[in-house]
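File shown here: upload.txt, holding compact mmCIF, C-alpha atoms.
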# COMPACT_ATOMS: atom_id res chain seq x y z
CA MET A 272 -12.37 -17.03 -17.98
CA GLY A 273 -11.90 -13.37 -18.80
CA PHE A 274 -12.18 -12.28 -15.19
CA LEU A 275 -8.96 -14.19 -14.32
CA ARG A 276 -6.86 -12.31 -16.85
CA TYR A 277 -4.26 -10.09 -15.21
CA ASP A 278 -5.75 -6.94 -16.77
CA SER A 279 -9.39 -7.69 -15.92
CA ASP A 280 -11.33 -5.45 -13.54
CA PHE A 281 -11.58 -8.26 -11.00
CA MET A 282 -7.84 -8.86 -10.87
CA MET A 283 -7.10 -5.13 -10.79
CA SER A 284 -9.41 -4.83 -7.77
CA ILE A 285 -7.66 -7.74 -6.05
CA SER A 286 -4.30 -6.12 -6.78
CA ARG A 287 -5.47 -2.77 -5.41
CA ALA A 288 -6.81 -4.44 -2.24
CA ALA A 289 -3.47 -6.23 -1.77
CA ASP A 290 -1.67 -2.89 -2.17
CA TYR A 291 -3.82 -1.39 0.59
CA VAL A 292 -3.16 -4.36 2.88
CA ILE A 293 0.60 -4.04 2.32
CA LEU A 294 0.35 -0.28 2.82
CA ASN A 295 -1.45 -0.67 6.16
CA LEU A 296 1.03 -3.28 7.34
CA LEU A 297 3.89 -0.92 6.47
CA GLY A 298 2.14 1.87 8.35
CA ILE A 299 1.78 -0.30 11.44
CA LEU A 300 5.37 -1.52 11.22
CA PHE A 301 6.81 1.98 10.83
CA SER A 302 4.61 3.29 13.67
CA ILE A 303 5.95 0.82 16.23
CA PRO A 304 8.47 3.35 17.49
CA VAL A 305 5.72 5.84 18.41
CA VAL A 306 7.92 8.81 17.48
CA THR A 307 7.76 7.86 13.79
CA ALA A 308 3.96 7.52 13.62
CA GLY A 309 3.56 10.92 11.96
CA ALA A 310 5.99 10.10 9.18
CA ALA A 311 4.31 6.70 8.71
CA MET A 312 0.87 8.33 8.39
CA THR A 313 2.21 10.84 5.87
CA ALA A 314 3.77 8.04 3.82
CA LYS A 315 0.50 6.07 3.93
CA TYR A 316 -1.43 9.06 2.64
CA TYR A 317 1.17 9.63 -0.08
CA VAL A 318 0.96 6.07 -1.42
CA ALA A 319 -2.82 5.87 -1.00
CA MET A 320 -3.24 9.05 -3.05
CA LYS A 321 -1.07 7.57 -5.80
CA ILE A 322 -3.18 4.38 -5.79
CA VAL A 323 -6.44 6.37 -5.98
CA ARG A 324 -5.11 8.49 -8.88
CA GLY A 325 -4.29 5.26 -10.75
CA GLU A 326 -0.53 5.82 -10.86
CA GLU A 327 0.22 2.17 -9.95
CA PRO A 328 2.91 2.91 -7.36
CA SER A 329 5.48 0.51 -6.02
CA VAL A 330 4.03 0.45 -2.52
CA LEU A 331 7.24 -0.29 -0.62
CA LYS A 332 9.49 1.99 -2.66
CA ASP A 333 7.08 4.95 -2.65
CA PHE A 334 6.28 4.47 1.06
CA TRP A 335 9.98 4.56 1.91
CA LYS A 336 10.56 7.58 -0.36
CA SER A 337 7.78 9.57 1.30
CA PHE A 338 8.80 8.40 4.78
CA ARG A 339 12.35 9.71 4.27
CA MET A 340 11.25 12.89 2.49
CA ASN A 341 8.69 13.95 5.14
CA PHE A 342 10.36 12.48 8.23
CA LYS A 343 11.53 15.71 9.87
CA GLN A 344 8.34 17.75 9.38
CA SER A 345 5.97 14.88 10.17
CA THR A 346 7.88 13.88 13.27
CA LEU A 347 7.99 17.43 14.63
CA ILE A 348 4.25 17.85 14.03
CA TRP A 349 3.56 14.43 15.59
CA ILE A 350 5.59 15.20 18.73
CA GLY A 351 3.83 18.57 19.03
CA ALA A 352 0.46 16.87 18.61
CA VAL A 353 1.25 14.26 21.27
CA LEU A 354 2.36 16.96 23.73
CA LEU A 355 -0.71 19.09 22.94
CA THR A 356 -2.97 16.06 23.36
CA ALA A 357 -1.41 15.24 26.73
CA PHE A 358 -1.91 18.85 27.83
CA LEU A 359 -5.54 18.86 26.68
CA VAL A 360 -6.27 15.52 28.37
CA TYR A 361 -4.84 16.89 31.61
CA ASP A 362 -6.91 20.07 31.22
CA GLY A 363 -10.01 18.00 30.48
CA ILE A 364 -9.52 15.98 33.65
CA VAL A 365 -9.08 19.18 35.66
CA ILE A 366 -12.13 20.82 34.07
CA MET A 367 -14.35 17.79 34.65
CA GLY A 368 -13.20 17.67 38.27
CA MET A 369 -14.22 21.29 38.84
CA GLN A 370 -17.95 20.61 38.86
CA SER A 371 -18.41 21.96 42.37
CA THR A 372 -16.51 25.19 41.70
CA GLY A 373 -19.01 26.50 39.18
CA VAL A 374 -17.29 25.97 35.82
CA ASN A 375 -20.18 26.67 33.48
CA ASP A 376 -21.34 24.28 30.80
CA GLY A 377 -20.55 26.79 28.06
CA PHE A 378 -16.86 26.63 28.92
CA LYS A 379 -16.95 22.82 28.85
CA ILE A 380 -18.67 22.86 25.46
CA ALA A 381 -16.12 25.34 24.07
CA PHE A 382 -13.29 23.16 25.38
CA GLY A 383 -14.87 20.08 23.73
CA VAL A 384 -15.26 21.90 20.40
CA LEU A 385 -11.62 23.04 20.55
CA CYS A 386 -10.48 19.47 21.20
CA ALA A 387 -12.64 18.15 18.35
CA VAL A 388 -11.28 20.71 15.86
CA LEU A 389 -7.71 19.90 16.87
CA LEU A 390 -8.35 16.16 16.53
CA MET A 391 -9.86 16.61 13.08
CA SER A 392 -7.01 18.93 12.05
CA LEU A 393 -4.49 16.31 13.10
CA HIS A 394 -5.91 13.97 10.45
CA ALA A 395 -5.77 16.64 7.78
CA VAL A 396 -2.23 17.85 8.47
CA PHE A 397 -0.56 14.58 7.49
CA ALA A 398 -2.60 14.31 4.29
CA LEU A 399 -1.59 17.86 3.37
CA LEU A 400 2.09 17.08 4.02
CA ALA A 401 1.80 14.03 1.78
CA ARG A 402 0.38 16.06 -1.10
CA PHE A 403 2.03 19.48 -0.85
CA HIS A 404 5.42 20.92 0.06
CA LEU A 405 4.56 23.09 3.07
CA THR A 406 6.30 24.51 6.08
CA ILE A 407 5.22 23.19 9.46
CA GLY A 408 3.29 26.37 10.24
CA GLY A 409 1.70 26.38 6.79
CA ALA A 410 0.67 22.74 7.11
CA VAL A 411 -0.94 23.30 10.53
CA HIS A 412 -2.65 26.50 9.36
CA ASN A 413 -4.02 24.88 6.21
CA ALA A 414 -5.14 21.78 8.14
CA ILE A 415 -7.18 23.93 10.53
CA LEU A 416 -8.70 25.87 7.62
CA PHE A 417 -9.47 22.63 5.78
CA THR A 418 -11.09 21.18 8.89
CA LEU A 419 -13.25 24.23 9.48
CA SER A 420 -14.37 24.32 5.85
CA HIS A 421 -15.26 20.59 5.76
CA VAL A 422 -16.77 20.00 9.20
CA PRO A 423 -19.43 17.40 8.21
CA GLN A 424 -16.90 15.26 6.31
CA MET A 425 -14.39 15.49 9.16
CA ILE A 426 -17.04 14.53 11.73
CA LEU A 427 -17.90 11.51 9.58
CA LEU A 428 -14.19 10.63 9.38
CA ILE A 429 -13.79 10.76 13.16
CA PHE A 430 -17.03 8.79 13.67
CA LEU A 431 -15.88 6.03 11.31
CA GLU A 432 -12.49 5.89 12.97
CA VAL A 433 -13.97 5.66 16.47
CA LEU A 434 -16.48 3.07 15.24
CA THR A 435 -13.64 0.96 13.85
CA TYR A 436 -11.77 1.08 17.15
CA TYR A 437 -14.97 0.26 19.05
CA VAL A 438 -15.80 -2.73 16.87
CA CYS A 439 -12.23 -4.04 17.10
CA TRP A 440 -12.22 -3.64 20.88
CA HIS A 441 -15.69 -5.10 21.31
CA TYR A 442 -15.06 -8.16 19.16
CA MET A 443 -11.43 -8.67 20.17
CA GLU A 444 -12.40 -11.77 22.16
CA TRP A 445 -13.16 -13.55 18.88
CA PHE A 446 -9.47 -13.46 17.98
CA ILE A 447 -8.12 -14.63 21.31
Could the structure of this file be written out as structure tokens, please?
Amino acid sequence: MGFLRYDSDFMMSISRAADYVILNLLGILFSIPVVTAGAAMTAKYYVAMKIVRGEEPSVLKDFWKSFRMNFKQSTLIWIGAVLLTAFLVYDGIVIMGMQSTGVNDGFKIAFGVLCAVLLMSLHAVFALLARFHLTIGGAVHNAILFTLSHVPQMILLIFLEVLTYYVCWHYMEWFI
């Protein structure tokens, strides 16, 4: 019965999985007021990085510590990202509606690439804030540089995220 010992690999894996479940539940709970979603994502990245490095964090205590420590920067970046996203969605609707006015396909492709880079950078900025002490401008600048230097990995990240949302939406009827 060695695998049921508290220090066995099996029990450590179960403990780590439970930490991730608690961490995701905290992230959802702290994202309910939409304004705090950026700080919640930063705190999730902070605790997840500690778990991956094997530091055995206290999930709740470290989540709260990071949430408080990065609240101002993360919230300002999140609000800016939401406003920028709303602006780009509006622009996208306008651009797609201009088919008869001769907006060329190259412009549409460039707009799509810009939107994709900004979406991928949004994921990187909160991870950078969780790991490093940066100014808001430095975090955004480094997130864009990170995104552009790791395009295949970021595309895979976005694909897996969209796939998760698709599967959850598609199979939602199973849970109702």
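Here CA of Asp333 (chain A) and CA of Val318 (chain A) stand 6.3 Å from one another.
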CA of Val411 (chain A) to CA of Asp362 (chain A): how many Å, to one decimal? 21.8 Å
Do a neighbour search on Leu300 (chain A) at 12 Å with all atoms listed in the file, toss out local chain neighbours closer than 3 positions, and write the hits as a PyMOL selection string. chain A and resi 293-297+303-305+307-308+310-312+315+334
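Of the residues under consideration (A:Leu428, A:Leu347, A:Val422, A:Ile366), A:Ile366 shows the shortest atom-to-atom contact distance to Phe382 (chain A) when counting only C-alpha atoms.
What separates CA of Leu427 (chain A) from CA of Ala387 (chain A) is a distance of 12.2 Å.
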Test item: residues at most 10 Å from Leu416 (chain A), only C-alpha atoms, excluding those fewer than 5 positions along its chain, as a count of residues only: 5
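Counting only C-alpha atoms, the residue from A:Ser286, A:Thr406, A:Thr418, A:Ser279 that sits nearest to Glu327 (chain A) is A:Ser286.
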How big is the axis-aligned box, and where does its centre sit, when it encloses all atoms of region 428-432 of chain A listed in the file and has 4 Å added on every side, reported in Å to one decimal as JSON?
{"center_x": -14.8, "center_y": 8.3, "center_z": 11.5, "size_x": 12.5, "size_y": 12.9, "size_z": 12.3}
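For the set A:Ser284, A:Asn341, A:Ser302, A:Ser329, the residue with the smallest atom-to-atom gap to Leu400 (chain A) is A:Asn341, counting all atoms listed in the file.
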Quick one: residues within 12 Å of Leu385 (chain A), all atoms listed in the file counted, chain neighbours fewer than 2 positions away excluded, as a short mmCIF file (atom, residue, chain, number, x, y, z; two decimals) with C-alpha atoms, in the frame of the given file?
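Output contents, as saved in around-v7.cif:
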data_model
loop_
_atom_site.label_atom_id
_atom_site.label_comp_id
_atom_site.auth_asym_id
_atom_site.auth_seq_id
_atom_site.Cartn_x
_atom_site.Cartn_y
_atom_site.Cartn_z
CA LEU A 355 -0.71 19.09 22.94
CA THR A 356 -2.97 16.06 23.36
CA LEU A 359 -5.54 18.86 26.68
CA GLY A 363 -10.01 18.00 30.48
CA PHE A 378 -16.86 26.63 28.92
CA LYS A 379 -16.95 22.82 28.85
CA ILE A 380 -18.67 22.86 25.46
CA ALA A 381 -16.12 25.34 24.07
CA PHE A 382 -13.29 23.16 25.38
CA GLY A 383 -14.87 20.08 23.73
CA ALA A 387 -12.64 18.15 18.35
CA VAL A 388 -11.28 20.71 15.86
CA LEU A 389 -7.71 19.90 16.87
CA LEU A 390 -8.35 16.16 16.53
CA MET A 391 -9.86 16.61 13.08
CA SER A 392 -7.01 18.93 12.05
CA ILE A 415 -7.18 23.93 10.53
CA THR A 418 -11.09 21.18 8.89
CA LEU A 419 -13.25 24.23 9.48
#
If we count all atoms listed in the file, what is near Pro328 (chain A) at a cut-off of 12 Å, once residues fewer than 2 positions away on the same chain are taken out, given as a JSON list (two decimals) with C-alpha atoms, in the frame of the given file?
[["chain", "number", "residue", "atom", "x", "y", "z"],
["A", 286, "SER", "CA", -4.30, -6.12, -6.78],
["A", 287, "ARG", "CA", -5.47, -2.77, -5.41],
["A", 290, "ASP", "CA", -1.67, -2.89, -2.17],
["A", 291, "TYR", "CA", -3.82, -1.39, 0.59],
["A", 294, "LEU", "CA", 0.35, -0.28, 2.82],
["A", 315, "LYS", "CA", 0.50, 6.07, 3.93],
["A", 317, "TYR", "CA", 1.17, 9.63, -0.08],
["A", 318, "VAL", "CA", 0.96, 6.07, -1.42],
["A", 319, "ALA", "CA", -2.82, 5.87, -1.00],
["A", 320, "MET", "CA", -3.24, 9.05, -3.05],
["A", 321, "LYS", "CA", -1.07, 7.57, -5.80],
["A", 322, "ILE", "CA", -3.18, 4.38, -5.79],
["A", 323, "VAL", "CA", -6.44, 6.37, -5.98],
["A", 324, "ARG", "CA", -5.11, 8.49, -8.88],
["A", 325, "GLY", "CA", -4.29, 5.26, -10.75],
["A", 326, "GLU", "CA", -0.53, 5.82, -10.86],
["A", 330, "VAL", "CA", 4.03, 0.45, -2.52],
["A", 331, "LEU", "CA", 7.24, -0.29, -0.62],
["A", 332, "LYS", "CA", 9.49, 1.99, -2.66],
["A", 333, "ASP", "CA", 7.08, 4.95, -2.65],
["A", 334, "PHE", "CA", 6.28, 4.47, 1.06],
["A", 335, "TRP", "CA", 9.98, 4.56, 1.91],
["A", 336, "LYS", "CA", 10.56, 7.58, -0.36],
["A", 337, "SER", "CA", 7.78, 9.57, 1.30]]
Could you check the closest approach to Ala401 (chain A) for each of A:Val353, A:Ala314, A:Val360, A:Ala289 and tell me which residue wins, using all atoms listed in the file? A:Ala314
